[in-house]
Every structure is written in structure tokens, then in C-alpha cells.
>>> print(open('final.tsv').read())   # TSV, C-alpha atoms
chain	number	residue	atom	x	y	z
A	111	MET	CA	31.23	109.38	1.08
A	112	HIS	CA	34.19	111.70	1.63
A	113	PRO	CA	36.73	111.39	-1.25
A	114	ALA	CA	39.60	110.50	1.11
A	115	ILE	CA	37.59	107.70	2.69
A	116	PHE	CA	36.51	106.44	-0.74
A	117	ARG	CA	40.14	106.49	-1.90
A	118	SER	CA	41.29	104.53	1.14
A	119	ALA	CA	38.51	101.97	0.69
A	120	PHE	CA	39.40	101.63	-2.99
A	121	TRP	CA	43.06	100.84	-2.30
A	122	LEU	CA	42.28	98.56	0.62
A	123	GLY	CA	39.88	96.63	-1.59
A	124	PHE	CA	42.46	96.41	-4.38
A	125	PHE	CA	45.19	95.03	-2.13
A	126	ALA	CA	42.74	92.74	-0.34
A	127	ILE	CA	41.94	91.07	-3.68
A	128	VAL	CA	45.64	90.68	-4.48
A	129	LEU	CA	46.37	89.18	-1.05
A	130	TRP	CA	43.37	86.87	-1.37
A	131	ALA	CA	44.66	85.66	-4.75
A	132	TRP	CA	48.09	84.91	-3.26
A	133	TRP	CA	46.47	83.06	-0.37
A	134	VAL	CA	44.45	80.92	-2.79
A	135	MET	CA	47.59	80.12	-4.81
A	136	PHE	CA	49.45	79.20	-1.61
A	137	SER	CA	46.57	76.95	-0.57
A	138	MET	CA	46.59	75.25	-3.98
A	139	SER	CA	50.34	74.67	-3.74
A	140	VAL	CA	50.04	72.72	-0.47
A	141	ALA	CA	46.71	70.95	-1.04
A	142	PRO	CA	44.99	69.26	-4.00
A	143	MET	CA	43.00	71.56	-6.23
A	144	PRO	CA	39.22	71.28	-5.61
A	145	MET	CA	37.23	69.37	-8.19
A	146	MET	CA	35.78	71.42	-11.03
A	147	PRO	CA	33.08	70.55	-13.59
A	148	ASN	CA	35.83	69.80	-16.12
A	149	LYS	CA	39.59	70.10	-16.52
A	150	PHE	CA	39.48	73.35	-18.50
A	151	VAL	CA	37.30	75.12	-15.91
A	152	GLY	CA	39.77	74.16	-13.19
A	153	LEU	CA	42.80	75.30	-15.16
A	154	PHE	CA	41.12	78.52	-16.23
A	155	SER	CA	40.11	79.33	-12.64
A	156	MET	CA	43.65	78.69	-11.44
A	157	TRP	CA	45.20	80.90	-14.13
A	158	ALA	CA	42.66	83.69	-13.60
A	159	ILE	CA	43.47	83.80	-9.87
A	160	MET	CA	47.17	83.64	-10.69
A	161	MET	CA	46.80	86.65	-12.99
A	162	ALA	CA	45.27	88.65	-10.13
A	163	ALA	CA	48.06	87.59	-7.76
A	164	MET	CA	50.95	88.29	-10.11
A	165	MET	CA	49.75	91.23	-12.19
A	166	GLY	CA	48.08	93.19	-9.38
A	167	PRO	CA	51.41	94.45	-7.94
A	168	THR	CA	52.70	95.41	-11.40
A	169	PHE	CA	49.56	97.49	-11.98
A	170	VAL	CA	50.01	99.75	-8.94
A	171	PRO	CA	52.08	102.47	-10.74
A	172	THR	CA	49.42	102.67	-13.46
A	173	MET	CA	46.65	103.16	-10.94
A	174	ARG	CA	48.73	105.74	-9.08
A	175	ALA	CA	49.01	107.67	-12.35
A	176	TYR	CA	45.24	107.57	-12.79
A	177	GLU	CA	44.80	108.68	-9.18
A	178	ASP	CA	46.75	111.85	-10.02
A	179	LEU	CA	44.34	112.53	-12.89
A	180	ILE	CA	41.36	112.35	-10.53
A	181	THR	CA	42.57	115.55	-8.88
A	182	SER	CA	44.36	117.26	-11.78
A	183	ALA	CA	42.03	116.34	-14.67
A	184	ASN	CA	38.54	114.89	-15.12
A	185	GLY	CA	39.38	111.40	-13.91
A	186	SER	CA	36.87	109.78	-11.57
A	187	ARG	CA	36.62	106.94	-9.10
A	188	LEU	CA	34.26	105.10	-11.46
A	189	GLY	CA	36.84	105.64	-14.16
A	190	SER	CA	39.53	104.02	-12.02
A	191	ILE	CA	37.28	100.99	-11.44
A	192	GLY	CA	36.76	100.81	-15.20
A	193	VAL	CA	40.54	100.87	-15.79
A	194	ILE	CA	41.00	97.93	-13.41
A	195	LEU	CA	38.16	95.93	-14.97
A	196	GLY	CA	39.46	96.53	-18.49
A	197	PHE	CA	43.01	95.61	-17.52
A	198	PHE	CA	42.08	92.36	-15.82
A	199	PHE	CA	39.57	91.44	-18.54
A	200	VAL	CA	42.51	91.23	-20.95
A	201	TRP	CA	44.51	89.12	-18.52
A	202	ILE	CA	41.54	86.82	-17.91
A	203	GLY	CA	41.37	86.36	-21.68
A	204	PHE	CA	45.06	85.42	-21.58
A	205	ALA	CA	44.27	83.00	-18.73
A	206	ALA	CA	41.70	81.28	-20.96
A	207	LEU	CA	44.18	80.97	-23.84
A	208	ILE	CA	46.98	79.59	-21.68
A	209	ALA	CA	44.58	77.15	-19.98
A	210	ILE	CA	43.68	75.82	-23.44
A	211	ALA	CA	47.38	75.59	-24.31
A	212	GLN	CA	48.13	73.78	-21.04
A	213	THR	CA	45.38	71.24	-21.70
A	214	TRP	CA	46.79	70.53	-25.16
A	215	LEU	CA	50.38	70.31	-23.90
A	216	ILE	CA	49.39	67.79	-21.21
A	217	GLU	CA	47.58	65.68	-23.79
A	218	ALA	CA	50.64	65.92	-26.08
A	219	GLY	CA	52.88	64.65	-23.27
A	220	LEU	CA	54.97	67.82	-23.07
A	221	LEU	CA	53.66	68.72	-19.60
A	222	SER	CA	53.00	66.57	-16.57
A	223	SER	CA	49.64	66.71	-14.80
A	224	MET	CA	51.25	69.23	-12.41
A	225	ALA	CA	52.02	71.52	-15.39
A	226	LYS	CA	55.76	70.86	-15.26
A	227	SER	CA	57.69	70.36	-18.47
A	228	ALA	CA	58.28	66.70	-19.31
A	229	SER	CA	60.81	67.46	-22.06
A	230	THR	CA	64.21	69.14	-21.83
A	231	THR	CA	63.82	70.27	-25.44
A	232	PHE	CA	60.48	71.90	-24.63
A	233	SER	CA	61.94	73.57	-21.53
A	234	ALA	CA	64.90	74.90	-23.51
A	235	GLY	CA	62.57	76.16	-26.24
A	236	LEU	CA	60.46	78.09	-23.73
A	237	LEU	CA	63.47	79.64	-22.02
A	238	ILE	CA	65.31	80.59	-25.20
A	239	SER	CA	62.14	81.98	-26.79
A	240	ALA	CA	61.34	84.06	-23.71
A	241	GLY	CA	64.96	85.26	-23.56
A	242	ALA	CA	65.09	86.18	-27.24
A	243	TYR	CA	61.84	88.13	-26.91
A	244	GLN	CA	63.58	90.45	-24.45
A	245	PHE	CA	65.61	91.85	-27.38
A	246	THR	CA	62.72	92.49	-29.78
A	247	ALA	CA	61.29	95.85	-30.86
A	248	LEU	CA	57.83	94.75	-29.70
A	249	LYS	CA	59.12	94.14	-26.18
A	250	ASP	CA	60.74	97.59	-26.17
A	251	ARG	CA	57.54	99.23	-27.39
A	252	CYS	CA	55.40	97.50	-24.78
A	253	LEU	CA	57.83	98.36	-21.99
A	254	ALA	CA	57.88	102.00	-23.10
A	255	HIS	CA	54.09	102.01	-22.78
A	256	CYS	CA	54.08	100.35	-19.35
A	257	ARG	CA	56.84	102.62	-18.01
A	258	SER	CA	54.94	105.81	-18.83
A	259	PRO	CA	51.34	105.26	-17.69
A	260	MET	CA	50.66	108.97	-17.19
A	261	PHE	CA	51.70	109.77	-20.76
A	262	GLN	CA	49.62	106.87	-22.08
A	263	PHE	CA	46.53	108.00	-20.18
A	264	LEU	CA	46.87	111.54	-21.52
A	265	ALA	CA	47.50	110.30	-25.07
A	266	HIS	CA	44.46	107.98	-25.06
A	267	TRP	CA	42.24	109.75	-22.56
A	268	ARG	CA	38.60	108.68	-22.23
A	269	PRO	CA	36.46	110.03	-19.36
A	270	GLY	CA	34.06	108.09	-17.17
A	271	PHE	CA	33.52	104.42	-16.43
A	272	LEU	CA	33.33	103.25	-20.05
A	273	GLY	CA	36.34	105.39	-20.90
A	274	GLY	CA	38.22	103.75	-18.04
A	275	ILE	CA	37.37	100.30	-19.39
A	276	ARG	CA	38.67	101.26	-22.84
A	277	MET	CA	41.93	102.57	-21.38
A	278	GLY	CA	42.25	99.49	-19.18
A	279	LEU	CA	41.80	97.21	-22.20
A	280	HIS	CA	44.40	99.22	-24.10
A	281	HIS	CA	46.92	99.07	-21.26
A	282	GLY	CA	46.18	95.40	-20.59
A	283	ALA	CA	46.93	94.43	-24.19
A	284	TYR	CA	50.36	96.07	-23.96
A	285	CYS	CA	50.96	94.43	-20.59
A	286	VAL	CA	50.19	90.94	-21.90
A	287	ALA	CA	52.48	91.53	-24.89
A	288	CYS	CA	55.17	92.68	-22.47
A	289	CYS	CA	54.96	89.90	-19.87
A	290	TRP	CA	53.81	86.71	-21.63
A	291	GLY	CA	57.36	85.33	-21.82
A	292	LEU	CA	57.91	85.46	-18.06
A	293	MET	CA	54.52	83.81	-17.60
A	294	VAL	CA	55.07	80.80	-19.86
A	295	ILE	CA	58.46	79.88	-18.41
A	296	GLY	CA	56.50	78.81	-15.34
A	297	PHE	CA	55.96	75.56	-17.23
A	298	VAL	CA	59.67	74.79	-16.88
A	299	GLY	CA	59.54	74.19	-13.14
A	300	GLY	CA	55.79	73.93	-12.62
A	301	ILE	CA	53.38	76.84	-12.49
A	302	MET	CA	52.35	76.10	-8.90
A	303	ASP	CA	55.88	76.85	-7.69
A	304	LEU	CA	55.44	79.89	-5.43
A	305	LEU	CA	59.15	80.72	-5.78
A	306	TRP	CA	58.68	81.15	-9.53
A	307	MET	CA	55.46	83.12	-9.02
A	308	GLY	CA	57.10	85.49	-6.55
A	309	GLY	CA	60.27	85.86	-8.62
A	310	ALA	CA	58.36	86.50	-11.84
A	311	THR	CA	56.15	89.07	-10.11
A	312	ILE	CA	59.17	90.94	-8.79
A	313	LEU	CA	60.92	90.85	-12.18
A	314	MET	CA	57.83	92.07	-14.06
A	315	THR	CA	57.34	94.88	-11.54
A	316	LEU	CA	60.98	96.00	-11.62
A	317	GLU	CA	61.15	95.77	-15.40
A	318	LYS	CA	58.36	98.35	-15.68
A	319	LEU	CA	60.14	100.92	-13.50
A	320	PRO	CA	61.50	103.67	-15.79
A	321	GLN	CA	64.94	104.08	-14.20
A	322	LEU	CA	65.68	100.53	-13.06
A	323	GLY	CA	63.88	98.50	-15.71
A	324	LYS	CA	66.04	99.61	-18.63
A	325	TRP	CA	69.05	97.96	-16.96
A	326	LEU	CA	67.18	94.70	-16.37
A	327	THR	CA	65.55	93.77	-19.69
A	328	ARG	CA	68.62	92.73	-21.73
A	329	PRO	CA	70.51	90.95	-18.89
A	330	LEU	CA	67.32	89.04	-18.11
A	331	GLY	CA	67.11	87.96	-21.74
A	332	ILE	CA	70.73	86.79	-21.70
A	333	GLY	CA	70.12	84.88	-18.47
A	334	LEU	CA	67.06	83.09	-19.89
A	335	ILE	CA	68.89	82.13	-23.08
A	336	LEU	CA	71.89	80.77	-21.15
A	337	TRP	CA	69.52	78.87	-18.87
A	338	GLY	CA	67.84	77.33	-21.90
A	339	VAL	CA	71.18	76.35	-23.45
A	340	GLY	CA	72.24	74.87	-20.12
A	341	VAL	CA	69.10	72.76	-19.90
A	342	VAL	CA	69.93	70.86	-23.11
A	343	THR	CA	73.70	70.90	-22.61
A	344	PHE	CA	74.00	69.55	-19.10
>>> encode(input="final.tsv", output="C-alpha cells")
Amino acid sequence: MHPAIFRSAFWLGFFAIVLWAWWVMFSMSVAPMPMMPNKFVGLFSMWAIMMAAMMGPTFVPTMRAYEDLITSANGSRLGSIGVILGFFFVWIGFAALIAIAQTWLIEAGLLSSMAKSASTTFSAGLLISAGAYQFTALKDRCLAHCRSPMFQFLAHWRPGFLGGIRMGLHHGAYCVACCWGLMVIGFVGGIMDLLWMGGATILMTLEKLPQLGKWLTRPLGIGLILWGVGVVTF
């Protein structure tokens, strides 16, 4: 297959998966979730699809950086597939962890069956914790990684499919550490709220842009903290 055709098919497939994930989440928001073998399987499936819907758009600059290395270095199309698989493998692991946490929180009475916080104290704790994290050194380090994907690829370069998987795992770990706070605040208003999903996706994407993101991180943290204080005050 001609490289240009392969490249077009690759990107069409990537965006088709993202659009499919958003369609599934929209369908779940307006209709009951289909029955699963057990509660955890259902929650895990929902979170895994949500990860594809929300993190796919934020991953585009990283894949564009790898695309440049296909022509200027020894990157390959199989390598790019490996990067995607490694990246989403990490996020699927996060989906499993947060599904376990959601199950426990529902049983503890802190979340409703629709995954919406049942406690103002819990909501405030999530918001203030997520806001405070915006000011930490770890957040800064992870954002620096996500804002310079080309540099990170060159610094940790591994050729081929397996090399792509290793780099995808590496990038995915930083991405989870960067974005977990904006993910968990979905419990405040209910994780099936498409307004939250869309807003969080936009914020996570903008925050990773080198020029714009640096002006967003701290104000976002202040906003989350004030929101959390407001929840318990009013």
C-alpha cells in the first residue's frame, strides 16, 4: 500500500474509534446501560470506552510528533500502532482501578448508583484535591513531558512495534499522572454527564499545548479549589 494511503487510513481509523467511543457514551447517557456479567465488568467497560473518547483527542499532538519521525528518522507505521496500544493500555489499567474505586465508593454510600457524589464533603474533597494537584511539582513535570512529545520520543527512542509499545507505555504513565485529577472530579456531577466529559476533554487538550497550557494550569487549580470551598460553604 502506498505510504500516503496507509497514513490516511491510519488517521481515519484513529478518529473513527474516537467518534465511536463518543457515540457509545452518548447512547449510555440517554439509555440504560446494557446488562453485564457483573457490576465491575460493566463499570470497567464504561470507563475503558470513556478513556478512548476523552484521551484520544489529547493524544493527537503526540501522534503527529511520531508521524514526523516516520519521515525524518527510523519511525514506522507499526511503531505508531505500538505507541497507540501502549498509551491506551495504561489508560485501560487506570479504567480498571477507577472502576474498582467506584464500586467501593457506591458500597460506602459516597456515590449514588449513577456515580454522582452523595456527600458534599466528598465532593469538596475531590475538587480541592484536584485543584491543589495543579500546583505540585509532579503535575509540572508531567505537563512538561506531555507538552514536548517530540523531545520525549527522541530522548527515549525505541524503533519498531515493540519499541513503540514501550514509548506508548512511558507516555501513557505521564499522561495518567497529569490528568487523573480532571478525571475523578467527574464524580461530583456524575461521570455520565456529557457536558463534564466534553469540558474535561477540552481542558486536558488545551493544558497540554505548550504556549496556551502554561496560562491555564494554575488558574484551573484556583477555580477547582474555590469550587470545592463553595460546595461546603453554600
>>> closest_residue(input="final.tsv", among="A:Cys288, A:Lys149, A:Cys252, A:Thr168", to="Glu217 in chain A", atoms="all atoms listed in the file")
A:Lys149
>>> atom_distance(input="final.tsv", atom1="CA of Ala225 in chain A", atom2="CA of Ile301 in chain A")
6.2 Å
>>> atom_distance(input="final.tsv", atom1="CA of Gly309 in chain A", atom2="CA of Arg328 in chain A")
17.0 Å
>>> closest_atom_pairs(input="final.tsv", of="range 228-293 of chain A", to="range 179-199 of chain A", cutoff="10 Å", atoms="all atoms listed in the file", output="Markdown table")
| residue | atom | partner | partner_atom | distance |
| --- | --- | --- | --- | --- |
| A:Met260 | CA | A:Leu179 | CA | 8.4 |
| A:Phe263 | CA | A:Leu179 | CA | 8.9 |
| A:Leu264 | CA | A:Leu179 | CA | 9.0 |
| A:Trp267 | CA | A:Gly185 | CA | 9.3 |
| A:Arg268 | CA | A:Gly185 | CA | 8.8 |
| A:Pro269 | CA | A:Gly185 | CA | 6.3 |
| A:Gly270 | CA | A:Gly189 | CA | 4.8 |
| A:Phe271 | CA | A:Gly189 | CA | 4.2 |
| A:Leu272 | CA | A:Gly192 | CA | 6.4 |
| A:Gly273 | CA | A:Gly189 | CA | 6.8 |
| A:Gly274 | CA | A:Val193 | CA | 4.3 |
| A:Ile275 | CA | A:Gly192 | CA | 4.3 |
| A:Arg276 | CA | A:Gly196 | CA | 6.5 |
| A:Met277 | CA | A:Val193 | CA | 6.0 |
| A:Gly278 | CA | A:Val193 | CA | 4.0 |
| A:Leu279 | CA | A:Gly196 | CA | 4.4 |
| A:His280 | CA | A:Phe197 | CA | 7.6 |
| A:His281 | CA | A:Phe197 | CA | 6.4 |
| A:Gly282 | CA | A:Phe197 | CA | 4.4 |
| A:Ala283 | CA | A:Phe197 | CA | 7.8 |
| A:Tyr284 | CA | A:Phe197 | CA | 9.8 |
| A:Cys285 | CA | A:Phe197 | CA | 8.6 |
| A:Val286 | CA | A:Phe197 | CA | 9.6 |
>>> closest_residue(input="final.tsv", among="A:Leu248, A:Cys289, A:Val128, A:Ala114", to="Val170 in chain A", atoms="all atoms listed in the file")
A:Val128
>>> atom_distance(input="final.tsv", atom1="CA of Gln244 in chain A", atom2="CA of Met173 in chain A")
25.1 Å
>>> closest_residue(input="final.tsv", among="A:Ala163, A:Met293, A:Leu220, A:Leu336", to="Phe125 in chain A", atoms="all atoms listed in the file")
A:Ala163
>>> residues_around(input="final.tsv", residues="Ala131 in chain A", least_positions_apart="2", cutoff="7 Å", atoms="all atoms listed in the file", output="NGL selection string")
:A and (127-129 or 133-135 or 159-160 or 162-163)
>>> residues_near_point(input="final.tsv", point="(60.2, 84.3, -20.6)", cutoff="9 Å", atoms="all atoms listed in the file", output="list in words")
Leu236, Leu237, Ile238, Ser239, Ala240, Gly241, Ala242, Tyr243, Gln244, Cys289, Trp290, Gly291, Leu292, Met293, Val294, Ile295, Gly296, Leu330, Gly331 and Leu334 of chain A
>>> closest_residue(input="final.tsv", among="A:Met165, A:Ala205, A:Ala265, A:Val341", to="Ile312 in chain A", atoms="only C-alpha atoms")
A:Met165
>>> closest_residue(input="final.tsv", among="A:Leu305, A:Leu253, A:Ala175, A:Val339", to="Ala287 in chain A", atoms="only C-alpha atoms")
A:Leu253
>>> closest_residue(input="final.tsv", among="A:Ala158, A:Val151, A:Met302, A:Ile115", to="Phe136 in chain A", atoms="all atoms listed in the file")
A:Met302
>>> build_atoms(input="final.tsv", residues="range 172-183 of chain A", atoms="all heavy atoms", output="mmCIF file, keeping the file's coordinate frame")
data_model
loop_
_atom_site.group_PDB
_atom_site.id
_atom_site.type_symbol
_atom_site.label_atom_id
_atom_site.label_comp_id
_atom_site.auth_asym_id
_atom_site.auth_seq_id
_atom_site.Cartn_x
_atom_site.Cartn_y
_atom_site.Cartn_z
ATOM 1 N N THR A 172 50.432 102.201 -12.505
ATOM 2 C CA THR A 172 49.420 102.670 -13.460
ATOM 3 C C THR A 172 48.242 103.288 -12.738
ATOM 4 O O THR A 172 47.740 104.360 -13.111
ATOM 5 C CB THR A 172 48.952 101.510 -14.350
ATOM 6 O OG1 THR A 172 50.071 100.979 -15.062
ATOM 7 C CG2 THR A 172 47.899 101.971 -15.347
ATOM 8 N N MET A 173 47.785 102.630 -11.677
ATOM 9 C CA MET A 173 46.650 103.160 -10.940
ATOM 10 C C MET A 173 47.030 104.425 -10.166
ATOM 11 O O MET A 173 46.204 105.323 -9.997
ATOM 12 C CB MET A 173 46.106 102.109 -9.977
ATOM 13 C CG MET A 173 45.361 100.976 -10.668
ATOM 14 S SD MET A 173 44.135 101.578 -11.872
ATOM 15 C CE MET A 173 43.098 102.627 -10.868
ATOM 16 N N ARG A 174 48.277 104.510 -9.730
ATOM 17 C CA ARG A 174 48.730 105.740 -9.080
ATOM 18 C C ARG A 174 48.694 106.904 -10.075
ATOM 19 O O ARG A 174 48.340 108.031 -9.709
ATOM 20 C CB ARG A 174 50.154 105.555 -8.540
ATOM 21 C CG ARG A 174 50.253 104.652 -7.314
ATOM 22 C CD ARG A 174 49.636 105.316 -6.089
ATOM 23 N NE ARG A 174 50.262 106.593 -5.789
ATOM 24 C CZ ARG A 174 51.342 106.730 -5.033
ATOM 25 N NH1 ARG A 174 51.934 105.670 -4.503
ATOM 26 N NH2 ARG A 174 51.833 107.933 -4.782
ATOM 27 N N ALA A 175 49.057 106.625 -11.320
ATOM 28 C CA ALA A 175 49.010 107.670 -12.350
ATOM 29 C C ALA A 175 47.572 108.122 -12.574
ATOM 30 O O ALA A 175 47.304 109.321 -12.712
ATOM 31 C CB ALA A 175 49.615 107.142 -13.658
ATOM 32 N N TYR A 176 46.635 107.181 -12.609
ATOM 33 C CA TYR A 176 45.240 107.570 -12.790
ATOM 34 C C TYR A 176 44.730 108.349 -11.576
ATOM 35 O O TYR A 176 43.931 109.274 -11.725
ATOM 36 C CB TYR A 176 44.354 106.341 -13.048
ATOM 37 C CG TYR A 176 42.953 106.720 -13.478
ATOM 38 C CD1 TYR A 176 42.649 106.867 -14.821
ATOM 39 C CD2 TYR A 176 41.954 106.960 -12.539
ATOM 40 C CE1 TYR A 176 41.375 107.242 -15.229
ATOM 41 C CE2 TYR A 176 40.678 107.332 -12.930
ATOM 42 C CZ TYR A 176 40.400 107.471 -14.275
ATOM 43 O OH TYR A 176 39.132 107.858 -14.668
ATOM 44 N N GLU A 177 45.193 107.954 -10.391
ATOM 45 C CA GLU A 177 44.800 108.680 -9.180
ATOM 46 C C GLU A 177 45.154 110.157 -9.296
ATOM 47 O O GLU A 177 44.381 111.028 -8.897
ATOM 48 C CB GLU A 177 45.509 108.080 -7.962
ATOM 49 C CG GLU A 177 44.929 106.783 -7.467
ATOM 50 C CD GLU A 177 43.676 107.002 -6.652
ATOM 51 O OE1 GLU A 177 43.571 108.020 -5.951
ATOM 52 O OE2 GLU A 177 42.779 106.144 -6.752
ATOM 53 N N ASP A 178 46.332 110.460 -9.863
ATOM 54 C CA ASP A 178 46.750 111.850 -10.020
ATOM 55 C C ASP A 178 45.789 112.604 -10.954
ATOM 56 O O ASP A 178 45.546 113.804 -10.775
ATOM 57 C CB ASP A 178 48.166 111.921 -10.590
ATOM 58 C CG ASP A 178 49.209 111.439 -9.593
ATOM 59 O OD1 ASP A 178 48.911 111.434 -8.384
ATOM 60 O OD2 ASP A 178 50.309 111.048 -10.026
ATOM 61 N N LEU A 179 45.242 111.886 -11.934
ATOM 62 C CA LEU A 179 44.340 112.530 -12.890
ATOM 63 C C LEU A 179 42.944 112.752 -12.306
ATOM 64 O O LEU A 179 42.160 113.514 -12.862
ATOM 65 C CB LEU A 179 44.240 111.676 -14.165
ATOM 66 C CG LEU A 179 45.534 111.601 -14.978
ATOM 67 C CD1 LEU A 179 45.407 110.593 -16.104
ATOM 68 C CD2 LEU A 179 45.896 112.964 -15.533
ATOM 69 N N ILE A 180 42.643 112.094 -11.196
ATOM 70 C CA ILE A 180 41.360 112.350 -10.530
ATOM 71 C C ILE A 180 41.347 113.766 -9.953
ATOM 72 O O ILE A 180 40.319 114.451 -9.961
ATOM 73 C CB ILE A 180 41.093 111.301 -9.434
ATOM 74 C CG1 ILE A 180 40.848 109.928 -10.076
ATOM 75 C CG2 ILE A 180 39.884 111.693 -8.580
ATOM 76 C CD1 ILE A 180 40.585 108.818 -9.074
ATOM 77 N N THR A 181 42.503 114.210 -9.479
ATOM 78 C CA THR A 181 42.570 115.550 -8.880
ATOM 79 C C THR A 181 43.006 116.619 -9.870
ATOM 80 O O THR A 181 42.595 117.769 -9.750
ATOM 81 C CB THR A 181 43.555 115.534 -7.691
ATOM 82 O OG1 THR A 181 44.830 115.044 -8.138
ATOM 83 C CG2 THR A 181 43.047 114.617 -6.583
ATOM 84 N N SER A 182 43.829 116.241 -10.867
ATOM 85 C CA SER A 182 44.360 117.260 -11.780
ATOM 86 C C SER A 182 43.625 117.331 -13.119
ATOM 87 O O SER A 182 43.813 118.270 -13.882
ATOM 88 C CB SER A 182 45.845 116.987 -12.059
ATOM 89 O OG SER A 182 46.013 115.743 -12.707
ATOM 90 N N ALA A 183 42.782 116.341 -13.415
ATOM 91 C CA ALA A 183 42.030 116.340 -14.670
ATOM 92 C C ALA A 183 40.610 115.871 -14.365
ATOM 93 O O ALA A 183 40.138 116.018 -13.234
ATOM 94 C CB ALA A 183 42.720 115.446 -15.705
#
